[in-house]
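Engineer: Sharing a structure with you now.
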There are 2 protein chains.
Amino acid sequence: MHSSELLKGTLKTIVMKVLKEGGRMYGYELVQRVKEISGDTIQITEGALYPMLHALELAGELKTEKEMIGKRVRKYYSLTPQGKTETKARVKELEAFIETLKIILEWEKNKVHA
Amino acid sequence: MHSSELLKGTLKTIVMKVLKEGGRMYGYELVQRVKEISGDTIQITEGALYPMLHALELAGELKTEKEMIGKRVRKYYSLTPQGKTETKARVKELEAFIETLKIILEWEKNKVHA
DNA sequence: TTTAATTACATAAGAATCTTATGTATATTT
DNA sequence: AAATATACATAAGATTCTTATGTAATTAAA
């Protein structure tokens, strides 16, 4: 399990990316999907997820559809066109950041080269 | 310049790794060094750096040496043995997290394979 | 030469992002 | 029948950062 410290900042991008590739999904499903894809190393907490989804909807990045499953309401989220554009930008930004991180992690000043 | 959102959580690891490879360094120097290595994409703010260095010293990860440069006091930081061990663990953890991120970023459910 | 920019430290207030705790209620498995 | 899983939601609190502010010496520019 990755430390929650590292997850800070990347969680929103992860959620949007998974929605972009996986399509229409509800909250609980998203948590399971991310857990599965990450090989059980990323466990999104509900306290982080739901407020984030609500904020993204308010910002026009997501739209929702409610469905009755038995006696329960299930809320499906999907990206709006604006949300898809934003996701692409976020993914690109995260990829660039990862490249920078790798440069730092591979930087070894005191290593003598042959 | 990477968004500060992404930097959250990785900053401490970056600082410790740069101290591990670069050796004894003072705060201002650290900021410049990270800026340089990152190709001007990571700018550590002083408001984040100094409290972090103080906390790491208190935790026994760093030790300090003061030097007079003209009329000014300069504080050099370096990793303690404990800090070096901690840095290795943090770097390993970050590398693992990056691998997980890449899996998610490369995950394309709807892509049809040839 | 005096003004501005850079070097070098530090802290406080506030924003953002997450965890933990709590609550409600249905559905399924043991 | 009880426990676990499903499915939503919010509030309080912790952590981690930014922005703002302060001090003061040094160096470069006007």
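Ordering of the structure tokens sets the chain letters (A, B, ...); residue numbers start at 1 within each chain; ligands are numbered from 1 in the order shown.
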With all Cα atoms paired residue by residue, do a least-squares superposition of chain A on chain B and hand back the transformed coordinates as a CSV table (one decimal) with C-alpha atoms, in the first residue's frame.

Structural biologist:
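What ended up in superposed27.csv:
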```
chain,number,residue,atom,x,y,z
A,1,MET,CA,6.7,24.7,-13.9
A,2,HIS,CA,5.0,21.7,-12.3
A,3,SER,CA,1.8,22.5,-10.4
A,4,SER,CA,2.2,22.7,-6.6
A,5,GLU,CA,-0.6,20.2,-6.3
A,6,LEU,CA,1.7,17.4,-7.7
A,7,LEU,CA,4.6,18.4,-5.6
A,8,LYS,CA,2.6,17.8,-2.4
A,9,GLY,CA,3.9,14.6,-0.9
A,10,THR,CA,7.0,14.2,-2.9
A,11,LEU,CA,8.9,17.3,-1.7
A,12,LYS,CA,10.4,15.7,1.4
A,13,THR,CA,11.7,12.8,-0.6
A,14,ILE,CA,13.2,15.1,-3.2
A,15,VAL,CA,14.9,17.2,-0.5
A,16,MET,CA,16.4,14.1,1.2
A,17,LYS,CA,17.5,12.5,-2.0
A,18,VAL,CA,19.3,15.7,-3.1
A,19,LEU,CA,21.0,15.9,0.2
A,20,LYS,CA,22.0,12.3,0.0
A,21,GLU,CA,23.7,12.6,-3.4
A,22,GLY,CA,24.8,16.2,-3.2
A,23,GLY,CA,26.0,16.0,0.4
A,24,ARG,CA,26.2,18.9,2.9
A,25,MET,CA,24.1,21.8,1.7
A,26,TYR,CA,22.4,24.9,3.0
A,27,GLY,CA,18.7,25.8,2.5
A,28,TYR,CA,19.1,28.4,-0.2
A,29,GLU,CA,21.5,26.1,-2.0
A,30,LEU,CA,19.1,23.3,-1.9
A,31,VAL,CA,16.4,25.4,-3.6
A,32,GLN,CA,18.8,26.3,-6.4
A,33,ARG,CA,20.1,22.8,-6.8
A,34,VAL,CA,16.6,21.4,-7.2
A,35,LYS,CA,15.6,24.1,-9.6
A,36,GLU,CA,18.7,23.3,-11.6
A,37,ILE,CA,18.3,19.5,-11.7
A,38,SER,CA,14.6,19.8,-12.5
A,39,GLY,CA,15.3,22.0,-15.5
A,40,ASP,CA,13.5,25.0,-13.8
A,41,THR,CA,10.3,23.0,-13.2
A,42,ILE,CA,10.5,22.7,-9.4
A,43,GLN,CA,10.8,25.8,-7.4
A,44,ILE,CA,10.8,25.0,-3.7
A,45,THR,CA,9.3,27.8,-1.6
A,46,GLU,CA,11.1,29.0,1.5
A,47,GLY,CA,7.9,28.7,3.5
A,48,ALA,CA,7.8,25.0,2.7
A,49,LEU,CA,11.5,24.3,2.9
A,50,TYR,CA,12.6,25.8,6.3
A,51,PRO,CA,9.9,24.3,8.5
A,52,MET,CA,10.5,20.9,6.7
A,53,LEU,CA,14.3,21.1,7.4
A,54,HIS,CA,13.6,22.0,11.1
A,55,ALA,CA,11.2,19.1,11.4
A,56,LEU,CA,13.7,16.7,9.8
A,57,GLU,CA,16.4,17.8,12.2
A,58,LEU,CA,14.1,17.4,15.2
A,59,ALA,CA,13.3,13.9,14.0
A,60,GLY,CA,17.0,13.0,13.8
A,61,GLU,CA,17.2,12.7,10.1
A,62,LEU,CA,19.3,15.7,9.6
A,63,LYS,CA,22.1,17.4,11.5
A,64,THR,CA,23.2,21.0,11.1
A,65,GLU,CA,26.5,22.9,11.2
A,66,LYS,CA,26.6,26.7,11.3
A,67,GLU,CA,29.2,28.7,9.5
A,68,MET,CA,30.0,32.4,9.4
A,69,ILE,CA,30.1,33.8,5.9
A,70,GLY,CA,31.2,37.4,6.4
A,71,LYS,CA,28.7,38.7,8.9
A,72,ARG,CA,26.0,36.1,8.1
A,73,VAL,CA,25.3,32.7,9.6
A,74,ARG,CA,24.8,30.0,7.1
A,75,LYS,CA,23.2,26.7,8.2
A,76,TYR,CA,24.5,23.5,6.5
A,77,TYR,CA,22.3,20.5,6.6
A,78,SER,CA,23.4,16.9,6.1
A,79,LEU,CA,21.8,13.5,6.5
A,80,THR,CA,22.4,11.5,9.7
A,81,PRO,CA,22.9,7.7,9.3
A,82,GLN,CA,19.3,7.3,10.2
A,83,GLY,CA,18.4,9.9,7.6
A,84,LYS,CA,20.3,8.0,4.9
A,85,THR,CA,18.4,4.8,5.7
A,86,GLU,CA,15.1,6.7,5.7
A,87,THR,CA,16.0,8.3,2.3
A,88,LYS,CA,16.6,4.9,0.8
A,89,ALA,CA,13.3,3.7,2.0
A,90,ARG,CA,11.5,6.9,0.7
A,91,VAL,CA,13.2,6.7,-2.7
A,92,LYS,CA,12.2,3.1,-3.1
A,93,GLU,CA,8.6,3.9,-2.1
A,94,LEU,CA,8.4,6.7,-4.5
A,95,GLU,CA,9.8,4.6,-7.3
A,96,ALA,CA,7.2,2.0,-6.6
A,97,PHE,CA,4.5,4.6,-6.6
A,98,ILE,CA,5.7,5.9,-10.0
A,99,GLU,CA,5.4,2.4,-11.4
A,100,THR,CA,1.8,2.3,-10.2
A,101,LEU,CA,1.1,5.6,-11.7
A,102,LYS,CA,2.4,4.6,-15.0
A,103,ILE,CA,0.2,1.5,-15.0
A,104,ILE,CA,-2.8,3.7,-14.5
A,105,LEU,CA,-1.7,6.3,-17.0
A,106,GLU,CA,-1.1,3.6,-19.6
A,107,TRP,CA,-4.3,1.7,-18.8
A,108,GLU,CA,-6.6,2.0,-21.8
A,109,LYS,CA,-9.7,-0.2,-21.3
A,110,ASN,CA,-11.3,0.6,-24.6
A,111,LYS,CA,-8.2,0.1,-26.7
A,112,VAL,CA,-8.6,-2.9,-29.1
A,113,HIS,CA,-5.4,-5.0,-29.3
A,114,ALA,CA,-4.1,-6.4,-32.6
```

Engineer: Pull out every residue of chain C that has at least one atom within 8 Å of chain B, counting only C-alpha atoms (C1' of nucleotides), and report them as an NGL selection string.

Structural biologist: :C and (7-10)

Engineer: For the residues in the current selection, export N, CA and C atoms (P, O5', C5', C4', C3', O3' and C1' of nucleotides) as an mmCIF file, in the first residue's frame.

Structural biologist:
```
data_model
loop_
_atom_site.group_PDB
_atom_site.id
_atom_site.type_symbol
_atom_site.label_atom_id
_atom_site.label_comp_id
_atom_site.auth_asym_id
_atom_site.auth_seq_id
_atom_site.Cartn_x
_atom_site.Cartn_y
_atom_site.Cartn_z
ATOM 1 P P DT C 7 21.259 34.690 -5.986
ATOM 2 O "O5'" DT C 7 21.614 34.804 -4.422
ATOM 3 C "C5'" DT C 7 22.909 35.249 -4.044
ATOM 4 C "C4'" DT C 7 23.015 35.374 -2.540
ATOM 5 C "C3'" DT C 7 22.737 34.078 -1.759
ATOM 6 O "O3'" DT C 7 23.804 33.870 -0.850
ATOM 7 C "C1'" DT C 7 21.524 35.864 -0.847
ATOM 8 P P DA C 8 24.076 32.467 -0.199
ATOM 9 O "O5'" DA C 8 22.930 32.380 0.900
ATOM 10 C "C5'" DA C 8 23.251 32.731 2.251
ATOM 11 C "C4'" DA C 8 22.012 32.802 3.106
ATOM 12 C "C3'" DA C 8 21.071 31.597 3.112
ATOM 13 O "O3'" DA C 8 21.498 30.672 4.116
ATOM 14 C "C1'" DA C 8 19.990 33.714 3.501
ATOM 15 P P DC C 9 20.558 29.386 4.416
ATOM 16 O "O5'" DC C 9 19.486 29.937 5.469
ATOM 17 C "C5'" DC C 9 19.923 30.162 6.808
ATOM 18 C "C4'" DC C 9 19.026 31.143 7.515
ATOM 19 C "C3'" DC C 9 17.715 30.565 8.016
ATOM 20 O "O3'" DC C 9 17.930 29.863 9.232
ATOM 21 C "C1'" DC C 9 17.473 32.827 7.235
ATOM 22 P P DA C 10 16.805 28.878 9.760
ATOM 23 O "O5'" DA C 10 15.546 29.826 10.001
ATOM 24 C "C5'" DA C 10 15.616 30.836 11.005
ATOM 25 C "C4'" DA C 10 14.301 31.588 11.037
ATOM 26 C "C3'" DA C 10 13.088 30.677 11.155
ATOM 27 O "O3'" DA C 10 12.698 30.590 12.515
ATOM 28 C "C1'" DA C 10 12.724 32.527 9.653
#
```

Engineer: Could you tell me which residues of chain D sit within 8 Å of chain B when counting only C-alpha atoms (C1' of nucleotides), and give me the result as a ChimeraX atom specification?

Structural biologist: /D:16-18,25

Engineer: Just to confirm, what's the straight-line distance from C1' of DA5 in chain D to C1' of DT19 in chain C in Å (one decimal)?

Structural biologist: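 Distance reported for this atom pair: 21.5 Å.
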
Engineer: Mind checking which residues fall within 9 Å of DT4 in chain D, counting only C-alpha atoms (C1' of nucleotides), ignoring those fewer than 3 positions away in the same chain, and posting them as a ChimeraX atom specification?

Structural biologist: /C:28-30

Engineer: From the DSSP assignment of the backbone, select every residue of range 9-112 of chain B that is strand (DSSP E), and format the answer as JSON, numbers by chain.

Structural biologist: {"B": [25, 26, 62, 63, 64, 65, 66, 67, 68, 69, 72, 73, 74, 75, 76, 77, 78, 79]}

Engineer: Please identify the alpha helix (DSSP H) residues within chain A (assignment by DSSP from backbone atoms) and present them as a PyMOL selection string.

Structural biologist: chain A and resi 4-7+11-22+27-37+46-58+81-106

Engineer: Could you name the residues that touch DT22 in chain C at 12 Å or less, counting only C-alpha atoms (C1' of nucleotides), but leaving out those on the same chain fewer than 6 positions away, as number ranges by chain?

Structural biologist: A: 47; D: 9-12

Engineer: Can you tell me, as number ranges by chain, what residues are no more than 9 Å from DT6 in chain C when counting only C-alpha atoms (C1' of nucleotides), ignoring any on the same chain fewer than 5 positions away?

Structural biologist: D: 26-28
